[in-house]
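Single-structure report; data block below.
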Amino acid sequence: MTTAWTDGYQTEVNYTYGYYRDLSPNYQKFCLLLNGVDCPPTNERHKHCELGFGQGVSLNIHAASSFGLFFGTDFNPAHAAHANVLAEQNQVPHHFYDASFEELLNKDLPMFDSISLHGIWSWISHENQHIILQFIRKFLSPNGIVYISYNCLTGWAANMPVRELFHSHFKFNSTSTNPLQKVNDSLNFSEELLAQNPLFAQRNPNALNKVQDLKKQNPNYLIHEYLNQDWQCFSFQQVVRILEEIKLTYAGSTDLNSHLDNINFSEQHQQFLNTIEHPVFKEQCRDYFANTQFRKDLYIRGKNTLTALEIQHRLRNTAFVLLTAPEKLPKTISGYLGEFDLIQEIYQPLGAYFKQSDYKPQTIAELEQAIPDITYSKLLNALVILCHLGLAQPCQAASNPDMVEHAQKLNRYFLEQASYHTNYQVLACPLTGIGIPADQFTQLFYRAHFIDGLDSAAQFAQYVWDVLTQLGWLVLDQQGNTVSDPKTSLEVIQEKAQFFLDSDKLKIAKHLKLFA
């Protein structure tokens, strides 16, 4: 190993505070079930490990709201310290380290039921990749799950030289000592170079657009995503081959869009793909039709396939929750082929029944009885689409009082922190084990009601305005323009508060047990 603890990884600035549902054990098991793969139910004895957990937001959300004991490491000590601060807030038992992958490999650890690594496979050295493979081989239980996401060669091939240009200027040519300014300088230079229309840009007309898209991203994210010493893209079959060597078999994707072929591929394309017999080759070919840039895949040690009847039985007994009022559900969905209408004869009665039932969890079997005109397959498809859009979630088999208490403590901390920054855009849900998206305004609205006892949109607006005034922040109107006038600002916030109330968020939060 190299002597530098950073080992080529960027540590000048800390990573962002994003939440990723793909790391949720319950969400992973739901995706496996959709793909017809058997896996044992989660219980208190299960153990989960996340490699490279960043700020630890996802790890803490899942540790607080899921069964089992959670382990993880991120060799940046600032990240590990932050993850442990969050864990202390919810008082959940945990083992979060600032160990390197090699140090973790040599620790006395239990066998894990799931191991997850989000994105880091593309950002680390070949040596660290080999250590991770050793770690999985040593510590993953039979029937254990591995989630791995990575930059996909198919979608990145044309833009890899753009990243190289960006990285080279950052490393060799920027004169600033401020890493965030170096990012800005490197992007500006790359844009200027491509604007000269060199032969590369002529042959790759999307290159300039790629740089312009990067300029819209959070610079902290760009540093960790694109500017490490090691940065690699992989084809699907490459990763399959690597993981097969440690007895892992591909079991499906956590991208629910992969189940929505009708809005993504033409009938001709679907027919072409269906002529391909080998599942690995077929999946690789899908990446060409989708121009996949980032894959989010599940592997399992010992793949056992369920029969069609077993899949139906388990899915029928899976409960779902709806996260918004049916009146606020979208009327359309976008796919690779464009925009498509959501069939209101399905979504209206489905949403109406959830509302009629006070947004309590409903199994597909219960929905079939309540809405007999809608078939099982149509109900399942609608729920998968709503989960894909982040408007519904599959529930865990059960929850316990400790899990509810841990989640509520973490949520209360997030609500408190909303007065100071916008780092946490999520809440923990003990019914689903999956984070609930919640921006700063939403969290402040929850706090105004559940902690301070306020009820009306006008009260919510004044409450949020007081917080923003202390921060010295301005409100953005619907066009994204800043508003400086206090009266207009209150009107903008009150409109947001009314939308929040009309979406039945308070009633839903109560049934999701987000707050005590």
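Going by the structure tokens order, chains are called A, B, ..., each with residues numbered from 1, while ligands are numbered from 1 in the order shown.
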Please tabulate, as JSON lines, the residues of segment 415-490 of chain A that come within 9 Å of segment 499-516 of chain A, each with its closest pair of atoms and the distance in Å to one decimal, counting only C-alpha atoms and ordering rows by chain, then residue number upward.
{"residue": "A:Leu427", "atom": "CA", "partner": "A:Leu514", "partner_atom": "CA", "distance": 7.4}
{"residue": "A:Ala428", "atom": "CA", "partner": "A:Leu514", "partner_atom": "CA", "distance": 6.8}
{"residue": "A:Cys429", "atom": "CA", "partner": "A:Leu514", "partner_atom": "CA", "distance": 5.8}
{"residue": "A:Pro430", "atom": "CA", "partner": "A:Lys513", "partner_atom": "CA", "distance": 6.9}
{"residue": "A:Leu431", "atom": "CA", "partner": "A:Leu512", "partner_atom": "CA", "distance": 6.0}
{"residue": "A:Thr432", "atom": "CA", "partner": "A:Leu512", "partner_atom": "CA", "distance": 8.3}
{"residue": "A:Thr442", "atom": "CA", "partner": "A:Phe500", "partner_atom": "CA", "distance": 7.4}
{"residue": "A:Phe445", "atom": "CA", "partner": "A:Phe500", "partner_atom": "CA", "distance": 8.1}
{"residue": "A:Tyr446", "atom": "CA", "partner": "A:Leu506", "partner_atom": "CA", "distance": 7.4}
{"residue": "A:His449", "atom": "CA", "partner": "A:Leu506", "partner_atom": "CA", "distance": 8.2}
{"residue": "A:Phe450", "atom": "CA", "partner": "A:Phe515", "partner_atom": "CA", "distance": 7.2}
{"residue": "A:Ser456", "atom": "CA", "partner": "A:Leu501", "partner_atom": "CA", "distance": 8.4}
{"residue": "A:Ala457", "atom": "CA", "partner": "A:Leu501", "partner_atom": "CA", "distance": 7.4}
*Find the residues near Ala461 of chain A: any atom within 10 Å, counting only C-alpha atoms, skip ones fewer than 3 places away on the same chain, and give them as a PyMOL selection string.*
chain A and resi 441+444-445+448+456-458+464-466+489-498
Can those selected residues be exported to a file as a compact mmCIF listing (two decimals), in the first residue's frame so that it contains C-alpha atoms?
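The resulting out_19.txt:
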# COMPACT_ATOMS: atom_id res chain seq x y z
CA PHE A 441 -39.03 24.31 4.00
CA LEU A 444 -39.50 23.64 9.03
CA PHE A 445 -43.20 23.10 8.32
CA ALA A 448 -43.81 24.27 13.21
CA SER A 456 -52.19 27.20 9.39
CA ALA A 457 -50.28 28.11 6.25
CA ALA A 458 -49.96 31.70 7.47
CA VAL A 464 -40.09 29.93 8.13
CA TRP A 465 -39.63 33.63 7.38
CA ASP A 466 -38.25 34.16 10.90
CA SER A 489 -41.55 36.73 0.57
CA LEU A 490 -44.25 35.77 3.06
CA GLU A 491 -46.71 35.27 0.20
CA VAL A 492 -44.28 32.95 -1.60
CA ILE A 493 -43.65 30.92 1.56
CA GLN A 494 -47.36 30.78 2.41
CA GLU A 495 -48.09 29.40 -1.05
CA LYS A 496 -45.53 26.65 -0.43
CA ALA A 497 -47.03 25.99 2.99
CA GLN A 498 -50.53 25.67 1.53
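We find atom CA of Lys210 of chain A and atom CA of Lys182 of chain A to be spaced 18.1 Å apart.
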*asked:* Excluding segment 361-370 of chain A and its own-chain neighbours fewer than 2 positions away, which residues fall within 12 Å of it when counting only C-alpha atoms? Please give them as a ChimeraX atom specification.
replied: /A:312-323,346,349-359,372-384,392-398,431-432,508,511-513
*asked:* Let's see if you can do this: from backbone DSSP, list all strand (DSSP E or B) residues in segment 50-287 of chain A, as a PyMOL selection string.
replied: chain A and resi 50-51+69-73+94-97+112-118+140-152+234+249-253
Distance table requested - segment 30-53 of chain A against segment 77-85 of chain A, cut-off 12 Å, only C-alpha atoms: one row per qualifying residue with the closest atom pair and its distance in Å to one decimal, ordered by chain and rising residue number, as JSON lines.
{"residue": "A:Glu50", "atom": "CA", "partner": "A:Ala83", "partner_atom": "CA", "distance": 11.9}
{"residue": "A:Leu51", "atom": "CA", "partner": "A:Ala80", "partner_atom": "CA", "distance": 11.5}
{"residue": "A:Gly52", "atom": "CA", "partner": "A:His79", "partner_atom": "CA", "distance": 9.4}
{"residue": "A:Phe53", "atom": "CA", "partner": "A:His79", "partner_atom": "CA", "distance": 7.9}
*Atomic distance atom CA of His130 of chain A - atom CA of Phe236 of chain A, expressed in Å with one decimal*: 17.8 Å
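With distances restricted to only C-alpha atoms, A:Phe71 is the closest residue to Lys107 of chain A from A:Pro142, A:Phe71, A:Ser266, A:Phe294.
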*Run DSSP on the backbone and give me the residues of segment 179-302 of chain A it puts in helix (DSSP H, G or I), as JSON, numbers by chain.*
{"A": [179, 180, 181, 182, 183, 184, 185, 186, 187, 188, 189, 190, 191, 192, 193, 194, 195, 199, 200, 201, 202, 203, 207, 208, 209, 210, 211, 212, 213, 214, 219, 220, 221, 222, 223, 224, 225, 226, 236, 237, 238, 239, 240, 241, 242, 243, 244, 256, 257, 258, 259, 261, 262, 263, 264, 267, 268, 269, 270, 271, 272, 273, 274, 279, 280, 281, 282, 283, 284, 285, 286, 287, 288, 289, 290]}
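Excluding Glu245 of chain A itself and any same-chain residue fewer than 6 positions from it, the protein and nucleic acid residues within 12 Å of it, counting only C-alpha atoms, are His130, Leu133, Gln134, Ile136, Arg137, Gln238, Val239 and Arg301 of chain A.
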Could you take the residues named above and write them with all heavy atoms, as a short mmCIF file (atom, residue, chain, number, x, y, z; two decimals), in the first residue's frame?
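What follows is the written file out09.cif:
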data_model
loop_
_atom_site.label_atom_id
_atom_site.label_comp_id
_atom_site.auth_asym_id
_atom_site.auth_seq_id
_atom_site.Cartn_x
_atom_site.Cartn_y
_atom_site.Cartn_z
N HIS A 130 -9.02 -4.58 -5.28
CA HIS A 130 -8.66 -5.95 -4.93
C HIS A 130 -8.93 -6.21 -3.44
O HIS A 130 -9.43 -7.29 -3.07
CB HIS A 130 -7.19 -6.20 -5.26
CG HIS A 130 -6.71 -7.59 -4.92
ND1 HIS A 130 -7.16 -8.71 -5.58
CD2 HIS A 130 -5.85 -8.02 -3.96
CE1 HIS A 130 -6.59 -9.79 -5.05
NE2 HIS A 130 -5.80 -9.40 -4.07
N LEU A 133 -12.60 -6.74 -2.88
CA LEU A 133 -12.99 -8.09 -3.29
C LEU A 133 -12.62 -9.11 -2.22
O LEU A 133 -13.40 -10.03 -1.93
CB LEU A 133 -12.32 -8.45 -4.62
CG LEU A 133 -12.76 -7.63 -5.84
CD1 LEU A 133 -11.94 -8.02 -7.07
CD2 LEU A 133 -14.24 -7.80 -6.12
N GLN A 134 -11.45 -8.94 -1.62
CA GLN A 134 -11.05 -9.82 -0.51
C GLN A 134 -12.01 -9.66 0.67
O GLN A 134 -12.38 -10.67 1.31
CB GLN A 134 -9.63 -9.48 -0.05
CG GLN A 134 -8.53 -9.90 -0.99
CD GLN A 134 -7.16 -9.54 -0.42
OE1 GLN A 134 -6.76 -8.38 -0.39
NE2 GLN A 134 -6.46 -10.53 0.08
N ILE A 136 -15.19 -8.71 0.64
CA ILE A 136 -16.48 -9.34 0.35
C ILE A 136 -16.36 -10.86 0.44
O ILE A 136 -17.22 -11.54 1.01
CB ILE A 136 -16.98 -8.90 -1.04
CG1 ILE A 136 -17.30 -7.40 -1.05
CG2 ILE A 136 -18.21 -9.71 -1.45
CD1 ILE A 136 -17.61 -6.84 -2.42
N ARG A 137 -15.28 -11.39 -0.13
CA ARG A 137 -15.09 -12.84 -0.11
C ARG A 137 -14.99 -13.37 1.32
O ARG A 137 -15.51 -14.44 1.65
CB ARG A 137 -13.81 -13.21 -0.88
CG ARG A 137 -13.56 -14.71 -0.98
CD ARG A 137 -14.60 -15.38 -1.85
NE ARG A 137 -14.47 -16.84 -1.86
CZ ARG A 137 -15.11 -17.64 -1.01
NH1 ARG A 137 -15.91 -17.14 -0.08
NH2 ARG A 137 -14.96 -18.95 -1.09
N GLN A 238 -17.78 -6.50 -17.56
CA GLN A 238 -16.52 -6.46 -16.81
C GLN A 238 -16.77 -6.68 -15.33
O GLN A 238 -16.08 -7.47 -14.68
CB GLN A 238 -15.83 -5.11 -17.00
CG GLN A 238 -15.01 -4.96 -18.26
CD GLN A 238 -14.36 -3.59 -18.30
OE1 GLN A 238 -15.03 -2.56 -18.38
NE2 GLN A 238 -13.05 -3.56 -18.24
N VAL A 239 -17.75 -5.96 -14.78
CA VAL A 239 -18.05 -6.08 -13.35
C VAL A 239 -18.62 -7.46 -13.04
O VAL A 239 -18.28 -8.06 -12.02
CB VAL A 239 -19.01 -4.96 -12.91
CG1 VAL A 239 -19.40 -5.12 -11.45
CG2 VAL A 239 -18.36 -3.59 -13.13
N ARG A 301 -24.69 -13.80 -3.25
CA ARG A 301 -23.87 -15.02 -3.12
C ARG A 301 -24.81 -16.21 -2.99
O ARG A 301 -25.35 -16.52 -1.93
CB ARG A 301 -22.95 -14.92 -1.90
CG ARG A 301 -22.20 -16.23 -1.63
CD ARG A 301 -21.10 -16.05 -0.62
NE ARG A 301 -19.97 -15.35 -1.23
CZ ARG A 301 -18.93 -14.85 -0.56
NH1 ARG A 301 -18.91 -14.94 0.76
NH2 ARG A 301 -17.95 -14.26 -1.18
#
*Residue contacts of Lys29 of chain A (12 Å, only C-alpha atoms) excluding same-chain residues fewer than 6 positions away, as a VMD selection string*: chain A and resid 21 to 23 35 to 42 113 to 114 143 to 147 251 to 254 298 to 300 314 to 315 318 394 to 397 432 to 434
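Every protein or nucleic acid residue with an atom no more than 12 Å from Val240 of chain A, counting only C-alpha atoms and leaving out same-chain residues fewer than 6 positions away, appears here: Ile148, Phe234, Ile246, Lys247, Leu248, Thr249, Tyr250, Ala251, Gly252, Pro279, Val280, Phe281, Glu283, Gln284, Asp297, Leu298, Tyr299 and Ile300 of chain A.
Using only C-alpha atoms, the nearest neighbour of Tyr97 of chain A within the list A:Tyr336, A:Phe265, A:Trp231, A:Phe75 is A:Phe75.
Interatomic distance, atom CA of Asn76 of chain A to atom CA of Asp98 of chain A: 6.1 Å.
Shortest separation to Pro219 of chain A among A:Thr16, A:Asn204, A:Leu389, A:Gln271 occurs at residue A:Thr16, atoms counted being only C-alpha atoms.
Checking A:Leu59, A:Leu180, A:Val162, A:Ile242 one by one against Trp121 of chain A, counting only C-alpha atoms, you find the shortest gap at A:Ile242.
With only C-alpha atoms taken into account, the protein and nucleic acid residues at most 12 Å from Ala290 of chain A (excluding it and anything under 3 positions from it in its own chain) are Cys152, Thr154, Gly155, Trp156, Asn257, Ser258, Leu260, Asp261, Ile263, Asn264, Phe265, Ser266, His269, Gln270, Leu273, Glu283, Gln284, Cys285, Arg286, Asp287, Gln293, Phe294, Arg295, Gly335, Tyr336 and Leu337 of chain A.
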I need the chosen residues saved as an mmCIF file, in the first residue's frame, with N, CA and C atoms.
data_model
loop_
_atom_site.group_PDB
_atom_site.id
_atom_site.type_symbol
_atom_site.label_atom_id
_atom_site.label_comp_id
_atom_site.auth_asym_id
_atom_site.auth_seq_id
_atom_site.Cartn_x
_atom_site.Cartn_y
_atom_site.Cartn_z
ATOM 1 N N CYS A 152 -20.563 3.788 -15.926
ATOM 2 C CA CYS A 152 -20.708 2.788 -16.978
ATOM 3 C C CYS A 152 -20.025 3.256 -18.262
ATOM 4 N N THR A 154 -20.392 2.467 -21.352
ATOM 5 C CA THR A 154 -21.231 2.691 -22.531
ATOM 6 C C THR A 154 -21.667 4.142 -22.647
ATOM 7 N N GLY A 155 -22.171 4.709 -21.556
ATOM 8 C CA GLY A 155 -22.654 6.076 -21.593
ATOM 9 C C GLY A 155 -21.569 7.125 -21.440
ATOM 10 N N TRP A 156 -20.395 6.704 -20.931
ATOM 11 C CA TRP A 156 -19.331 7.658 -20.674
ATOM 12 C C TRP A 156 -18.285 7.724 -21.786
ATOM 13 N N ASN A 257 -36.427 2.188 -13.120
ATOM 14 C CA ASN A 257 -36.656 2.517 -14.525
ATOM 15 C C ASN A 257 -36.396 1.310 -15.426
ATOM 16 N N SER A 258 -35.598 0.368 -14.936
ATOM 17 C CA SER A 258 -35.306 -0.834 -15.721
ATOM 18 C C SER A 258 -36.526 -1.732 -15.889
ATOM 19 N N LEU A 260 -39.496 -0.385 -16.720
ATOM 20 C CA LEU A 260 -40.451 0.442 -17.458
ATOM 21 C C LEU A 260 -40.056 0.539 -18.928
ATOM 22 N N ASP A 261 -39.904 -0.605 -19.561
ATOM 23 C CA ASP A 261 -39.433 -0.629 -20.949
ATOM 24 C C ASP A 261 -40.355 0.114 -21.904
ATOM 25 N N ILE A 263 -41.859 2.893 -21.765
ATOM 26 C CA ILE A 263 -41.642 4.330 -21.911
ATOM 27 C C ILE A 263 -40.193 4.651 -22.288
ATOM 28 N N ASN A 264 -39.376 3.607 -22.373
ATOM 29 C CA ASN A 264 -37.951 3.826 -22.641
ATOM 30 C C ASN A 264 -37.466 3.247 -23.964
ATOM 31 N N PHE A 265 -38.051 2.145 -24.395
ATOM 32 C CA PHE A 265 -37.605 1.494 -25.618
ATOM 33 C C PHE A 265 -38.796 1.286 -26.559
ATOM 34 N N SER A 266 -38.570 1.505 -27.832
ATOM 35 C CA SER A 266 -39.622 1.273 -28.819
ATOM 36 C C SER A 266 -39.925 -0.222 -28.901
ATOM 37 N N HIS A 269 -37.121 -1.987 -30.538
ATOM 38 C CA HIS A 269 -35.965 -2.194 -29.660
ATOM 39 C C HIS A 269 -36.232 -3.306 -28.657
ATOM 40 N N GLN A 270 -37.444 -3.352 -28.105
ATOM 41 C CA GLN A 270 -37.780 -4.407 -27.146
ATOM 42 C C GLN A 270 -37.740 -5.773 -27.822
ATOM 43 N N LEU A 273 -34.113 -6.785 -28.262
ATOM 44 C CA LEU A 273 -33.496 -7.221 -27.009
ATOM 45 C C LEU A 273 -34.020 -8.586 -26.581
ATOM 46 N N GLU A 283 -28.302 -7.698 -20.873
ATOM 47 C CA GLU A 283 -28.211 -6.526 -20.003
ATOM 48 C C GLU A 283 -27.185 -5.538 -20.534
ATOM 49 N N GLN A 284 -26.078 -6.057 -21.052
ATOM 50 C CA GLN A 284 -25.061 -5.170 -21.620
ATOM 51 C C GLN A 284 -25.615 -4.432 -22.841
ATOM 52 N N CYS A 285 -26.385 -5.130 -23.656
ATOM 53 C CA CYS A 285 -26.972 -4.491 -24.838
ATOM 54 C C CYS A 285 -27.991 -3.422 -24.452
ATOM 55 N N ARG A 286 -28.697 -3.628 -23.349
ATOM 56 C CA ARG A 286 -29.634 -2.602 -22.869
ATOM 57 C C ARG A 286 -28.919 -1.280 -22.605
ATOM 58 N N ASP A 287 -27.677 -1.381 -22.139
ATOM 59 C CA ASP A 287 -26.919 -0.165 -21.856
ATOM 60 C C ASP A 287 -26.677 0.659 -23.114
ATOM 61 N N GLN A 293 -25.025 5.758 -18.141
ATOM 62 C CA GLN A 293 -23.806 6.385 -17.617
ATOM 63 C C GLN A 293 -23.444 5.884 -16.228
ATOM 64 N N PHE A 294 -24.428 5.421 -15.481
ATOM 65 C CA PHE A 294 -24.185 5.003 -14.104
ATOM 66 C C PHE A 294 -25.053 3.793 -13.802
ATOM 67 N N ARG A 295 -24.429 2.703 -13.396
ATOM 68 C CA ARG A 295 -25.177 1.489 -13.077
ATOM 69 C C ARG A 295 -25.279 1.332 -11.573
ATOM 70 N N GLY A 335 -39.865 9.229 -20.016
ATOM 71 C CA GLY A 335 -38.942 8.131 -20.284
ATOM 72 C C GLY A 335 -37.990 8.531 -21.383
ATOM 73 N N TYR A 336 -37.153 7.614 -21.804
ATOM 74 C CA TYR A 336 -36.206 7.916 -22.884
ATOM 75 C C TYR A 336 -36.930 8.273 -24.179
ATOM 76 N N LEU A 337 -38.153 7.765 -24.340
ATOM 77 C CA LEU A 337 -38.909 8.018 -25.573
ATOM 78 C C LEU A 337 -39.736 9.296 -25.514
#
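Between Leu410 of chain A and the candidates A:Asn90, A:Asn481, A:His48, A:Leu33, the tightest atom-to-atom separation, counting only C-alpha atoms, involves A:Asn90.
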